[in-house]
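A.B. asks: model_28.txt is reproduced below (compact mmCIF, C-alpha atoms and all ligand atoms).
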# COMPACT_ATOMS: atom_id res chain seq x y z
CA MET A 1 -1.64 -6.85 39.18
CA ASN A 2 -0.91 -10.26 40.47
CA THR A 3 -2.15 -12.93 38.09
CA ILE A 4 -0.58 -16.04 36.60
CA ILE A 5 -0.09 -14.00 33.45
CA ASP A 6 1.96 -11.31 35.21
CA ALA A 7 4.27 -14.07 36.34
CA TYR A 8 4.27 -15.69 32.86
CA GLU A 9 7.79 -15.72 31.42
CA VAL A 10 7.91 -14.26 27.94
CA ASN A 11 11.27 -13.47 26.36
CA GLY A 12 12.85 -15.12 29.40
CA LYS A 13 11.30 -12.82 32.05
CA PRO A 14 8.00 -12.45 33.87
CA ILE A 15 5.85 -9.90 32.06
CA LYS A 16 5.63 -7.73 35.16
CA ASP A 17 9.40 -7.23 35.00
CA TRP A 18 9.52 -6.10 31.36
CA THR A 19 10.91 -2.60 30.95
CA ILE A 20 8.95 0.01 29.01
CA LYS A 21 11.61 -0.23 26.30
CA GLU A 22 11.02 -3.97 25.96
CA HIS A 23 7.30 -3.34 25.51
CA ASN A 24 7.98 -0.69 22.89
CA VAL A 25 10.36 -2.96 20.94
CA ALA A 26 7.70 -5.70 20.81
CA LEU A 27 5.08 -3.22 19.62
CA ASP A 28 7.34 -1.60 17.04
CA THR A 29 8.72 -4.80 15.56
CA LEU A 30 5.82 -7.26 15.86
CA GLY A 31 2.69 -5.14 15.69
CA ALA A 32 1.53 -3.67 12.39
CA ARG A 33 2.26 0.02 12.75
CA ILE A 34 -1.28 1.33 12.81
CA TYR A 35 -0.93 3.71 15.76
CA LYS A 36 1.77 5.99 17.06
CA PRO A 37 1.54 5.44 20.84
CA PHE A 38 3.48 7.65 23.23
CA HIS A 39 6.85 6.06 23.84
CA GLY A 40 8.16 5.86 27.39
CA VAL A 41 4.74 5.29 28.95
CA LEU A 42 2.94 2.10 29.94
CA VAL A 43 -0.57 1.88 31.40
CA LEU A 44 -0.77 -0.48 34.36
CA GLY A 45 -4.46 -0.18 35.17
CA GLY A 46 -7.09 2.05 36.68
CA GLY A 47 -6.02 4.69 39.20
CA SER A 48 -7.24 5.81 42.61
CA LYS A 49 -10.37 7.41 41.07
CA PRO A 50 -12.48 5.95 38.24
CA TYR A 51 -11.39 8.77 35.94
CA MET A 52 -7.70 8.10 36.50
CA ILE A 53 -5.24 5.60 35.08
CA LYS A 54 -2.09 4.29 36.69
CA ILE A 55 0.98 4.38 34.47
CA ARG A 56 4.68 3.60 34.51
CA LYS A 57 6.83 6.26 32.87
CA GLU A 58 10.47 6.57 31.89
CA THR A 59 12.20 9.43 33.68
CA GLU A 60 15.81 10.50 34.02
CA LYS A 61 15.96 8.55 37.30
CA GLY A 62 14.54 5.35 35.80
CA GLU A 63 10.96 4.15 35.63
CA GLU A 64 8.42 5.64 37.99
CA GLU A 65 4.74 4.96 38.71
CA LEU A 66 2.21 7.76 38.69
CA GLU A 67 -1.41 8.56 37.84
CA LEU A 68 -2.95 10.49 34.97
CA VAL A 69 -6.43 11.86 34.46
CA ASP A 70 -7.94 9.87 31.58
CA GLY A 71 -9.01 12.71 29.32
CA LEU A 72 -10.03 10.47 26.43
CA ALA A 73 -12.05 7.58 27.91
CA CYS A 74 -10.91 5.41 24.98
CA TYR A 75 -12.57 7.71 22.44
CA SER A 76 -15.75 7.92 24.56
CA ALA A 77 -15.99 4.16 25.24
CA VAL A 78 -15.65 4.41 29.02
CA PRO A 79 -18.51 6.46 30.52
CA PHE A 80 -18.11 5.16 34.09
CA GLY A 81 -14.34 5.22 34.04
CA HIS A 82 -12.20 2.33 35.18
CA ARG A 83 -12.82 -0.14 37.99
CA ASP A 84 -16.38 1.03 38.56
CA PRO A 85 -17.42 -1.24 41.46
CA VAL A 86 -20.88 -2.08 40.07
CA ILE A 87 -19.66 -2.86 36.56
CA THR A 88 -16.64 -4.80 37.82
CA GLU A 89 -18.49 -6.91 40.36
CA ASN A 90 -21.33 -7.82 38.01
CA VAL A 91 -19.07 -8.66 35.08
CA ASN A 92 -16.91 -10.81 37.37
CA ASN A 93 -19.99 -12.64 38.60
CA PHE A 94 -21.14 -13.22 35.06
CA ILE A 95 -17.81 -14.59 33.90
CA ASN A 96 -17.95 -17.06 36.77
CA GLN A 97 -20.96 -18.65 35.06
CA MET A 98 -20.04 -19.28 31.45
CA ALA A 99 -17.84 -18.54 28.44
CA THR A 100 -20.07 -18.32 25.37
CA ILE A 101 -22.63 -20.16 23.29
CA PRO A 102 -23.66 -19.62 19.66
CA ARG A 103 -26.62 -17.56 18.50
CA SER A 104 -28.31 -20.74 17.31
CA ILE A 105 -29.41 -21.37 20.91
CA SER A 106 -31.04 -18.70 23.10
CA HIS A 107 -29.69 -17.41 26.40
CA SER A 108 -31.17 -15.40 29.26
CA TYR A 109 -29.96 -11.91 28.44
CA LEU A 110 -30.37 -11.25 24.71
CA GLY A 111 -34.16 -10.84 24.77
CA PRO A 112 -34.17 -8.44 27.75
CA TRP A 113 -31.26 -6.50 26.23
CA LEU A 114 -33.16 -6.03 22.97
CA VAL A 115 -36.19 -4.75 24.89
CA LYS A 116 -34.03 -2.24 26.80
CA LEU A 117 -32.23 -1.25 23.59
CA GLN A 118 -35.60 -0.51 22.05
CA GLU A 119 -36.61 1.66 25.02
CA PHE A 120 -33.29 3.48 25.23
CA THR A 121 -32.60 4.09 21.51
CA GLN A 122 -36.28 4.32 20.42
CA MET A 123 -35.37 2.20 17.37
CA ASP A 124 -37.46 -0.84 16.36
CA MET A 125 -34.97 -3.65 15.69
CA PHE A 126 -31.30 -4.44 16.27
CA LEU A 127 -28.43 -6.32 14.70
CA PRO A 128 -25.73 -6.66 17.40
CA LYS A 129 -22.09 -6.75 16.36
CA ASN A 130 -18.73 -6.18 18.05
CA GLY A 131 -16.59 -3.33 16.72
CA GLY A 132 -18.17 -0.10 15.54
CA THR A 133 -17.06 -0.59 11.96
CA GLU A 134 -18.96 -3.89 11.82
CA ALA A 135 -22.17 -2.08 12.71
CA ASN A 136 -21.45 0.35 9.87
CA GLU A 137 -20.81 -2.52 7.44
CA ALA A 138 -24.18 -3.97 8.48
CA ALA A 139 -25.77 -0.55 7.92
CA ILE A 140 -24.42 -0.45 4.36
CA LYS A 141 -25.98 -3.86 3.75
CA ALA A 142 -29.28 -2.68 5.21
CA ILE A 143 -29.22 0.42 2.99
CA ARG A 144 -28.48 -1.64 -0.13
CA LYS A 145 -31.20 -4.18 0.66
CA TRP A 146 -33.70 -1.40 1.26
CA ALA A 147 -32.57 0.42 -1.90
CA LYS A 148 -33.16 -2.67 -4.07
CA ASN A 149 -36.61 -3.21 -2.60
CA TYR A 150 -38.02 0.21 -1.76
CA GLY A 151 -35.56 2.86 -3.02
CA GLY A 152 -35.91 5.28 -5.91
CA ARG A 153 -38.43 8.06 -6.46
CA ASP A 154 -41.28 5.60 -7.05
CA GLY A 155 -40.30 3.45 -4.04
CA LYS A 156 -40.07 0.36 -6.27
CA GLY A 157 -36.33 -0.17 -5.96
CA ILE A 158 -33.19 1.36 -7.45
CA LYS A 159 -32.13 -0.58 -10.55
CA GLY A 160 -28.47 0.54 -10.81
CA THR A 161 -25.87 1.13 -8.09
CA PRO A 162 -27.51 2.80 -5.12
CA VAL A 163 -25.71 5.99 -4.06
CA ILE A 164 -24.82 6.56 -0.41
CA ILE A 165 -23.80 10.14 0.35
CA THR A 166 -21.30 10.67 3.16
CA ALA A 167 -19.27 13.64 4.43
CA ASN A 168 -15.72 14.78 3.76
CA ASN A 169 -13.39 14.10 6.69
CA ALA A 170 -15.81 11.56 8.15
CA PHE A 171 -14.70 8.68 10.32
CA HIS A 172 -16.63 5.42 10.19
CA GLY A 173 -14.02 2.75 11.02
CA ARG A 174 -11.73 0.39 9.17
CA GLY A 175 -13.87 -2.13 7.30
CA LEU A 176 -13.82 -1.81 3.53
CA GLY A 177 -17.35 -0.43 3.43
CA SER A 178 -16.51 2.12 6.11
CA THR A 179 -13.33 2.95 4.19
CA ALA A 180 -15.37 3.62 1.05
CA MET A 181 -17.42 6.12 3.07
CA MET A 182 -14.30 8.09 4.00
CA ASP A 183 -12.16 10.35 1.85
CA ASP A 184 -8.95 10.31 3.89
CA SER A 185 -6.16 9.52 1.41
CA THR A 186 -4.00 7.51 3.86
CA THR A 187 -6.98 5.38 4.79
CA ARG A 188 -7.80 4.65 1.13
CA LYS A 189 -4.19 4.25 -0.05
CA ASP A 190 -3.62 1.13 -2.22
CA LEU A 191 -7.12 -0.17 -1.51
CA GLU A 192 -8.89 1.01 -4.61
CA PRO A 193 -11.09 -0.01 -6.30
CA LEU A 194 -13.33 0.34 -3.26
CA MET A 195 -16.99 -0.56 -3.13
CA PRO A 196 -18.79 1.68 -5.66
CA GLY A 197 -21.68 4.01 -4.96
CA PHE A 198 -20.25 6.35 -2.32
CA GLU A 199 -20.16 10.10 -2.83
CA GLN A 200 -18.81 12.68 -0.43
CA VAL A 201 -19.95 16.23 0.28
CA PRO A 202 -18.58 18.82 2.71
CA PHE A 203 -20.04 18.39 6.20
CA ASN A 204 -22.51 21.08 7.26
CA ASP A 205 -23.10 22.26 3.68
CA LEU A 206 -26.73 21.77 2.72
CA GLY A 207 -26.27 23.29 -0.74
CA ALA A 208 -23.65 20.68 -1.63
CA LEU A 209 -25.99 17.92 -0.51
CA GLU A 210 -28.88 19.31 -2.54
CA ALA A 211 -26.61 19.40 -5.58
CA LYS A 212 -25.64 15.74 -5.04
CA PHE A 213 -29.28 14.72 -4.82
CA LYS A 214 -29.93 16.57 -8.10
CA GLU A 215 -26.89 14.97 -9.77
CA HIS A 216 -27.95 11.42 -8.88
CA GLY A 217 -31.69 11.82 -9.28
CA GLY A 218 -33.61 8.89 -7.84
CA ASP A 219 -30.51 6.75 -7.27
CA VAL A 220 -29.65 8.18 -3.85
CA ALA A 221 -30.37 5.47 -1.28
CA ALA A 222 -29.10 7.19 1.88
CA VAL A 223 -27.22 10.00 3.54
CA PHE A 224 -24.90 8.45 6.15
CA ILE A 225 -23.13 10.88 8.49
CA GLU A 226 -21.87 11.45 12.02
CA PRO A 227 -24.07 13.98 13.81
CA ILE A 228 -20.88 15.58 15.18
CA GLN A 229 -17.62 14.80 13.40
CA ALA A 230 -15.50 13.63 16.32
CA GLU A 231 -12.36 12.11 14.83
CA ALA A 232 -12.13 14.98 12.33
CA GLY A 233 -11.68 17.38 15.26
CA ILE A 234 -15.06 17.77 17.02
CA PHE A 235 -16.87 19.63 14.23
CA ILE A 236 -20.36 20.62 15.28
CA PRO A 237 -22.96 21.34 12.58
CA ASP A 238 -25.21 24.39 12.54
CA ASP A 239 -28.33 23.89 14.63
CA ASN A 240 -30.63 23.32 11.62
CA TYR A 241 -28.27 21.34 9.41
CA LEU A 242 -29.25 17.80 10.42
CA ARG A 243 -32.96 18.68 10.45
CA ASP A 244 -32.62 19.97 6.88
CA VAL A 245 -30.68 16.87 5.82
CA GLN A 246 -33.38 14.65 7.29
CA LYS A 247 -36.05 16.64 5.42
CA LEU A 248 -34.13 16.37 2.15
CA CYS A 249 -33.85 12.60 2.61
CA LYS A 250 -37.59 12.32 3.21
CA GLU A 251 -38.42 14.40 0.13
CA ASN A 252 -36.18 12.16 -2.02
CA ASN A 253 -37.17 8.81 -0.51
CA ALA A 254 -33.63 8.26 0.80
CA LEU A 255 -32.69 6.89 4.21
CA PHE A 256 -31.31 9.21 6.88
CA VAL A 257 -28.58 7.28 8.70
CA LEU A 258 -26.49 8.49 11.65
CA ASP A 259 -23.25 7.02 12.95
CA GLU A 260 -23.72 7.54 16.71
CA ILE A 261 -20.84 5.27 17.65
CA GLN A 262 -19.02 8.08 19.41
CA THR A 263 -21.87 10.53 20.07
CA GLY A 264 -24.41 8.04 21.46
CA TYR A 265 -24.92 6.76 24.99
CA CYS A 266 -25.06 10.15 26.75
CA ARG A 267 -21.76 11.56 25.47
CA THR A 268 -23.23 14.82 24.13
CA GLY A 269 -25.50 15.51 27.10
CA TYR A 270 -28.40 13.68 25.41
CA ASP A 271 -28.99 9.94 25.15
CA PHE A 272 -28.22 10.33 21.42
CA ALA A 273 -27.11 13.28 19.35
CA TRP A 274 -30.21 13.09 17.11
CA GLN A 275 -32.19 14.13 20.20
CA LEU A 276 -29.79 17.01 20.81
CA TYR A 277 -30.79 18.41 17.41
CA GLY A 278 -34.50 17.73 17.91
CA LEU A 279 -34.69 15.38 14.92
CA GLU A 280 -37.31 12.81 14.13
CA LYS A 281 -36.18 9.25 14.67
CA PRO A 282 -33.49 8.44 12.03
CA ASP A 283 -34.09 5.47 9.74
CA LEU A 284 -30.94 3.73 10.97
CA ILE A 285 -28.32 4.50 13.59
CA THR A 286 -25.13 2.66 14.47
CA ILE A 287 -23.92 2.49 18.06
CA GLY A 288 -20.87 1.00 19.79
CA LYS A 289 -18.12 2.09 22.16
CA ALA A 290 -19.85 3.12 25.44
CA MET A 291 -22.67 0.58 25.11
CA SER A 292 -20.59 -1.98 27.02
CA SER A 293 -19.02 0.47 29.51
CA GLY A 294 -15.74 -0.11 27.69
CA VAL A 295 -15.33 -3.64 29.04
CA ILE A 296 -15.65 -5.55 25.76
CA PRO A 297 -16.35 -4.52 22.15
CA VAL A 298 -20.10 -4.33 21.56
CA SER A 299 -21.89 -2.51 18.75
CA SER A 300 -25.21 -2.62 16.97
CA LEU A 301 -27.05 -1.53 13.90
CA CYS A 302 -30.42 -0.18 15.02
CA GLY A 303 -33.26 0.72 12.71
CA LYS A 304 -36.82 0.95 11.62
CA LYS A 305 -38.70 -2.30 11.22
CA GLU A 306 -39.31 -2.10 7.47
CA ILE A 307 -35.55 -1.89 6.84
CA MET A 308 -34.30 -4.31 9.49
CA GLU A 309 -36.83 -6.95 8.44
CA LEU A 310 -34.92 -7.35 5.19
CA PHE A 311 -32.23 -9.35 7.04
CA GLU A 312 -32.86 -13.07 7.08
CA PRO A 313 -31.24 -16.20 8.57
CA HIS A 314 -28.01 -17.22 6.78
CA GLY A 315 -27.86 -13.83 5.08
CA GLU A 316 -26.05 -12.23 8.00
CA GLY A 317 -24.58 -13.35 11.33
CA SER A 318 -21.84 -13.05 13.91
CA THR A 319 -20.25 -15.45 16.42
CA PHE A 320 -19.97 -12.82 19.11
CA GLY A 321 -22.73 -10.37 18.09
CA GLY A 322 -25.25 -10.56 20.94
CA TYR A 323 -23.33 -13.25 22.80
CA PRO A 324 -24.18 -13.71 26.47
CA LEU A 325 -21.53 -11.41 27.95
CA ALA A 326 -22.29 -8.66 25.41
CA SER A 327 -25.99 -8.83 26.18
CA PHE A 328 -25.35 -8.89 29.92
CA VAL A 329 -22.94 -5.98 29.91
CA GLY A 330 -25.16 -4.12 27.43
CA LEU A 331 -28.08 -4.42 29.85
CA LEU A 332 -25.92 -3.51 32.82
CA THR A 333 -24.70 -0.37 31.04
CA ILE A 334 -28.22 0.90 30.24
CA HIS A 335 -29.28 0.06 33.81
CA GLU A 336 -26.45 2.12 35.30
CA LEU A 337 -26.79 5.00 32.81
CA GLU A 338 -30.44 5.37 33.77
CA LYS A 339 -29.97 4.79 37.48
CA ARG A 340 -27.19 7.39 37.76
CA ASP A 341 -28.82 9.83 35.31
CA ILE A 342 -25.62 9.96 33.27
CA THR A 343 -27.27 11.98 30.48
CA ASN A 344 -27.83 14.92 32.85
CA LEU A 345 -24.42 14.50 34.37
CA SER A 346 -22.89 14.65 30.90
CA ALA A 347 -24.70 17.95 30.18
CA GLN A 348 -23.67 19.44 33.53
CA ASN A 349 -20.07 18.25 33.54
CA GLY A 350 -19.70 19.15 29.86
CA SER A 351 -20.86 22.69 30.47
CA TYR A 352 -18.47 23.13 33.42
CA LEU A 353 -15.49 21.58 31.62
CA LYS A 354 -16.02 23.54 28.39
CA ASP A 355 -16.31 26.74 30.39
CA GLN A 356 -13.02 26.01 32.20
CA LEU A 357 -11.25 25.21 28.92
CA GLU A 358 -12.60 28.38 27.31
CA GLN A 359 -11.24 30.44 30.21
CA VAL A 360 -7.82 28.91 29.62
CA ALA A 361 -8.05 29.36 25.83
CA LYS A 362 -8.69 33.10 26.28
CA LYS A 363 -5.20 33.43 27.76
CA TYR A 364 -3.64 32.12 24.53
CA PRO A 365 -5.45 33.86 21.65
CA ASN A 366 -2.50 33.31 19.29
CA LYS A 367 -2.32 29.60 20.01
CA VAL A 368 -5.97 28.54 20.36
CA LYS A 369 -8.44 29.04 17.51
CA GLU A 370 -11.54 27.66 19.17
CA VAL A 371 -12.97 25.44 21.88
CA ARG A 372 -15.97 23.45 20.60
CA GLY A 373 -18.11 20.85 22.28
CA LYS A 374 -21.42 19.32 23.18
CA GLY A 375 -21.68 17.63 26.55
CA MET A 376 -18.55 15.67 27.31
CA LEU A 377 -17.21 15.69 23.75
CA ILE A 378 -14.94 18.70 23.51
CA GLY A 379 -12.25 19.79 21.07
CA VAL A 380 -9.58 22.45 21.45
CA GLU A 381 -8.43 23.59 18.03
CA ILE A 382 -5.01 25.17 17.93
CA ASN A 383 -3.45 27.44 15.37
CA PRO A 384 -1.73 25.31 12.65
CA ASP A 385 1.60 26.99 13.43
CA TYR A 386 1.64 24.85 16.58
CA ASP A 387 1.99 21.09 16.86
CA GLY A 388 -0.96 19.17 18.28
CA HIS A 389 1.15 16.10 19.04
CA GLN A 390 3.48 18.26 21.12
CA LEU A 391 0.43 19.63 22.94
CA SER A 392 -0.68 16.05 23.78
CA MET A 393 2.81 15.26 25.07
CA ASN A 394 2.77 18.43 27.18
CA MET A 395 -0.61 17.37 28.59
CA LEU A 396 0.90 14.03 29.57
CA GLU A 397 3.77 15.80 31.33
CA ASN A 398 1.12 17.79 33.17
CA GLY A 399 -0.81 14.73 34.34
CA VAL A 400 -3.54 14.31 31.70
CA TYR A 401 -3.92 11.80 28.91
CA ALA A 402 -5.59 13.52 25.94
CA LYS A 403 -4.73 13.02 22.31
CA GLU A 404 -4.57 15.19 19.24
CA THR A 405 -6.60 14.34 16.19
CA HIS A 406 -5.68 15.65 12.71
CA GLU A 407 -2.62 17.56 14.01
CA THR A 408 -4.40 20.64 15.29
CA ASN A 409 -7.26 19.41 17.47
CA LEU A 410 -7.00 18.15 21.00
CA ARG A 411 -9.92 15.85 21.78
CA ILE A 412 -11.07 15.97 25.39
CA ALA A 413 -13.67 13.34 26.27
CA PRO A 414 -13.06 12.03 29.79
CA PRO A 415 -15.23 9.48 31.58
CA ILE A 416 -18.61 11.17 32.07
CA VAL A 417 -18.44 10.49 35.83
CA ILE A 418 -15.31 12.62 36.24
CA GLU A 419 -15.37 14.81 39.37
CA LYS A 420 -14.81 18.57 39.53
CA GLU A 421 -11.27 18.00 40.77
CA GLY A 422 -10.49 15.98 37.63
CA MET A 423 -11.96 18.60 35.29
CA ASP A 424 -9.99 21.34 37.04
CA LYS A 425 -6.89 19.24 36.57
CA ILE A 426 -7.59 19.00 32.80
CA ALA A 427 -7.99 22.79 32.62
CA SER A 428 -4.81 23.51 34.58
CA ALA A 429 -2.90 20.94 32.49
CA LEU A 430 -4.12 22.67 29.32
CA ASP A 431 -2.97 26.01 30.71
CA ALA A 432 0.53 24.74 31.50
CA SER A 433 0.71 22.79 28.22
CA LEU A 434 -0.27 25.77 26.08
CA ALA A 435 2.19 27.97 27.96
CA ALA A 436 4.97 25.50 27.14
CA LEU A 437 3.93 25.08 23.48
N1 LIG A 501 -17.66 5.49 13.79
C1 LIG A 501 -17.24 6.49 14.57
C2 LIG A 501 -17.98 7.78 14.56
C3 LIG A 501 -16.12 6.32 15.38
O1 LIG A 501 -15.68 7.33 16.14
C4 LIG A 501 -15.45 5.08 15.37
C5 LIG A 501 -14.24 4.87 16.18
O2 LIG A 501 -13.59 5.77 16.63
C6 LIG A 501 -15.94 4.06 14.54
C7 LIG A 501 -17.04 4.30 13.77
C8 LIG A 501 -15.25 2.73 14.46
O3 LIG A 501 -15.43 2.00 15.62
P1 LIG A 501 -14.46 0.74 15.91
O4 LIG A 501 -13.08 1.29 16.05
O5 LIG A 501 -15.02 0.14 17.16
O6 LIG A 501 -14.58 -0.17 14.74
What do you get writing this file as C-alpha cells?
Ligand code: PLP
C.D. replies:
Amino acid sequence: MNTIIDAYEVNGKPIKDWTIKEHNVALDTLGARIYKPFHGVLVLGGGSKPYMIKIRKETEKGEEELELVDGLACYSAVPFGHRDPVITENVNNFINQMATIPRSISHSYLGPWLVKLQEFTQMDMFLPKNGGTEANEAAIKAIRKWAKNYGGRDGKGIKGTPVIITANNAFHGRGLGSTAMMDDSTTRKDLEPLMPGFEQVPFNDLGALEAKFKEHGGDVAAVFIEPIQAEAGIFIPDDNYLRDVQKLCKENNALFVLDEIQTGYCRTGYDFAWQLYGLEKPDLITIGKAMSSGVIPVSSLCGKKEIMELFEPHGEGSTFGGYPLASFVGLLTIHELEKRDITNLSAQNGSYLKDQLEQVAKKYPNKVKEVRGKGMLIGVEINPDYDGHQLSMNMLENGVYAKETHETNLRIAPPIVIEKEGMDKIASALDASLAAL
C-alpha cells in the first residue's frame, strides 16, 4: 500500500520497510499474548482474487511475497472475501461523508437497517453492538430481565438466581458473562468467582439437559447454545436435537437462545442455522462477524418483542452500537447477500468443498477421523496422534491459510464467494499437508 502511514517512521524506519522479525518482536513484547500467530508470515492485503490474501514470508533466500487462499475468512466474518468492489466502493463513499455521531441523535441508516434486519433475521427487535461477545453480554441481560419479570413455572418471575444452561466446550467470546457460559479451564483461569447461575451440559445430549431442568425446577431461565459448535471443532448436533431442546424450553417456560455469531448470515447454507434445523423462531439470537462483510466489528442481540421491550433508556447503551457506518455497512451486507443469493451459493460451494475434502480424507484413514460440515463451515478432525498445528503450518506451506482449533480440528471456512479453483486448491493443499504430516 502507499499511504502516509506506510511511510510513517516508527522505530526509526518507515513501517513498509519493517522486517517480519521486527513485526514479530513488537507483537511478542508489547502485545498481551492472547494468540499464537504463525511466525515468519505477514499479511499485506487482499490478493488477486477476493478469496486470496497477499503475504510476505520468510524463506531461506530472504523475504518473499506470495498469495494464499484464505481458508478461514476471519472465522466466517468475510463472506465476500477481500477487496470486493461493491463493498469497497460504497464504504469508501460513506467514509467521505462523516465520522460518527452519538445515538442520542438519529441518522439516515439506522431505521432502514433495523427494518432489513427484521426481514432478514425474522426477529422483532434489535440491540446493535460491536463485538460478538458484547451481543452475548446483552443477551444475558435480556434473559435475566425476562426471568425476573416472566420466568418460572407460573410465569410470574424467578425469585432466586435464574439458571442459564449452556454447553460444554462452547465458545461465546471473552466478556465475563460469556466466560461464565464456557467451561474451558484456560479461559476461566484466575477469574473466579464468575457470574453465578450458569450450568453446563454436554452438547447434543438431550438426557443431560432434561436432568438439568429437573434439578433446577422452575429456576431455569434459558438454554443458550451455538447451533453448531464451531470453535470446539465444528460439532454438528443430531438432526432432532435442537428441535427437542426448543420443545423442552417451551414446556418449562425457559427461553431458547442461539448464538449464531459464526453460523448466521448464510455460512451454513441457510440464512441462519435455526432454519437449517427447521426450528421455530428462537426467543433470542446473537449475530456478529459476517453482518458487516468483515469491514468493521458489528454485532446485535435480536429477539422477540416481549423480551427486548424490557430494555429502557439509560439501562443499556453503546457509543458505536448502531453508529452510522455500522448501519450503512450492515444494510449494504444484507443487500449484497440477497442480490447475489449467497445463501444458495454457500449450500452449493459447501457441498462441493466438503465432497473434495472427503475424497482427500479417504486417502489417509489413519490420519483423518472425520470431515464434518454444513454449508461453508467445515471441520477436518485428525487422529490425536497427529498435531493439528503442524497440519495448519503444512497448509500454509501449500498455499492455504486455515487454522487448527483444539489441537485436532482443522477449521475450513473460506469466503463464501470462493471459486472452484480456490476450493480445489484447498483440497490439494490438504492432500499434500496430510501426506507430509
Ligand atoms: N460466539 C461465537 C459462536 C463465536 O464464534 C465468537 C467468535 O469467534 C464469538 C461469540 C465472539 O465474537 P467476538 O470475538 O466478535 O467477540
A.B. asks: Which one of A:Ala167, A:Leu284, A:Ile378, A:Val298 sits closest to ligand LIG 501 (chain A) if you count only C-alpha atoms and all ligand atoms?
C.D. replies: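 Of the candidates, the smallest distance to ligand LIG 501 (chain A) is held by A:Val298.
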A.B. asks: What gap, in Å, lies between atom CA of Trp146 of chain A and atom CA of Ile307 of chain A?
C.D. replies: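 Separation between atom CA of Trp146 of chain A and atom CA of Ile307 of chain A: 5.9 Å.
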A.B. asks: Near segment 36-47 of chain A, counting all atoms listed in the file, which residues have an atom at most 12 Å away, once you skip same-chain residues fewer than 5 positions from it, shown as a ChimeraX atom specification?
C.D. replies: /A:1-2,6,15-16,18-25,27-28,31,52-60,62-70,73,78,80-85,88,389-390,392-397,401-405
A.B. asks: Report as an mmCIF file with C-alpha atoms, in the coordinates of the input all protein, DNA and RNA residues lying within 10 Å of segment 421-434 of chain A, evaluated on only C-alpha atoms, omitting residues in the same chain fewer than 2 positions from it.
C.D. replies:
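Dumped everything to out-v3.cif:
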data_model
loop_
_atom_site.group_PDB
_atom_site.id
_atom_site.type_symbol
_atom_site.label_atom_id
_atom_site.label_comp_id
_atom_site.auth_asym_id
_atom_site.auth_seq_id
_atom_site.Cartn_x
_atom_site.Cartn_y
_atom_site.Cartn_z
ATOM 1 C CA LYS A 49 -10.370 7.410 41.070
ATOM 2 C CA TYR A 51 -11.390 8.770 35.940
ATOM 3 C CA MET A 52 -7.700 8.100 36.500
ATOM 4 C CA LEU A 68 -2.950 10.490 34.970
ATOM 5 C CA VAL A 69 -6.430 11.860 34.460
ATOM 6 C CA ASP A 70 -7.940 9.870 31.580
ATOM 7 C CA GLY A 71 -9.010 12.710 29.320
ATOM 8 C CA ASN A 349 -20.070 18.250 33.540
ATOM 9 C CA GLY A 350 -19.700 19.150 29.860
ATOM 10 C CA TYR A 352 -18.470 23.130 33.420
ATOM 11 C CA LEU A 353 -15.490 21.580 31.620
ATOM 12 C CA LYS A 354 -16.020 23.540 28.390
ATOM 13 C CA ASP A 355 -16.310 26.740 30.390
ATOM 14 C CA GLN A 356 -13.020 26.010 32.200
ATOM 15 C CA LEU A 357 -11.250 25.210 28.920
ATOM 16 C CA GLU A 358 -12.600 28.380 27.310
ATOM 17 C CA GLN A 359 -11.240 30.440 30.210
ATOM 18 C CA VAL A 360 -7.820 28.910 29.620
ATOM 19 C CA ALA A 361 -8.050 29.360 25.830
ATOM 20 C CA LYS A 363 -5.200 33.430 27.760
ATOM 21 C CA TYR A 364 -3.640 32.120 24.530
ATOM 22 C CA LYS A 367 -2.320 29.600 20.010
ATOM 23 C CA VAL A 368 -5.970 28.540 20.360
ATOM 24 C CA VAL A 380 -9.580 22.450 21.450
ATOM 25 C CA ILE A 382 -5.010 25.170 17.930
ATOM 26 C CA TYR A 386 1.640 24.850 16.580
ATOM 27 C CA GLN A 390 3.480 18.260 21.120
ATOM 28 C CA LEU A 391 0.430 19.630 22.940
ATOM 29 C CA SER A 392 -0.680 16.050 23.780
ATOM 30 C CA MET A 393 2.810 15.260 25.070
ATOM 31 C CA ASN A 394 2.770 18.430 27.180
ATOM 32 C CA MET A 395 -0.610 17.370 28.590
ATOM 33 C CA LEU A 396 0.900 14.030 29.570
ATOM 34 C CA GLU A 397 3.770 15.800 31.330
ATOM 35 C CA ASN A 398 1.120 17.790 33.170
ATOM 36 C CA GLY A 399 -0.810 14.730 34.340
ATOM 37 C CA VAL A 400 -3.540 14.310 31.700
ATOM 38 C CA TYR A 401 -3.920 11.800 28.910
ATOM 39 C CA ALA A 402 -5.590 13.520 25.940
ATOM 40 C CA LEU A 410 -7.000 18.150 21.000
ATOM 41 C CA ILE A 412 -11.070 15.970 25.390
ATOM 42 C CA PRO A 414 -13.060 12.030 29.790
ATOM 43 C CA VAL A 417 -18.440 10.490 35.830
ATOM 44 C CA ILE A 418 -15.310 12.620 36.240
ATOM 45 C CA GLU A 419 -15.370 14.810 39.370
ATOM 46 C CA ALA A 436 4.970 25.500 27.140
ATOM 47 C CA LEU A 437 3.930 25.080 23.480
#
A.B. asks: Within 9 Å of ligand LIG 501 (chain A), counting only C-alpha atoms and all ligand atoms: which residues, as a count of residues only?
C.D. replies: 36
A.B. asks: What is the distance between atom CA of Lys156 of chain A and atom CA of Gly218 of chain A, in Å to one decimal?
C.D. replies: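 Between atom CA of Lys156 of chain A and atom CA of Gly218 of chain A the gap works out to 10.8 Å.
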A.B. asks: Identify which of the residues A:Ala77, A:Leu72, A:Ala222, A:Ile87 lies closest to Val245 of chain A, counting all atoms listed in the file when measuring atom-to-atom distances.
C.D. replies: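 Smallest separation from Val245 of chain A among the options: A:Ala222.
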A.B. asks: May I ask which of the residues A:Gly373, A:Pro50, A:Gly217, A:Pro365 is the closest one to Ala254 of chain A, counting all atoms listed in the file?
C.D. replies: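 Using all atoms listed in the file, Ala254 of chain A sits closest to A:Gly217.
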A.B. asks: Please compute the atom CA of Val86 of chain A-atom CA of Tyr109 of chain A distance, one decimal, in Å.
C.D. replies: 17.7 Å
A.B. asks: List every protein, DNA or RNA residue that has at least one atom no more than 7 Å from (-36.6, -2.0, 14.0) in the file's coordinates, counting only C-alpha atoms, and write the result as a PyMOL selection string.
C.D. replies: chain A and resi 123-126+302-305+308
A.B. asks: Using all atoms listed in the file, find the one residue out of A:His406, A:Arg103, A:Arg267, A:Lys159 that sits nearest to His314 of chain A.
C.D. replies: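 Once distances to His314 of chain A are computed over all atoms listed in the file, the minimum belongs to A:Arg103.
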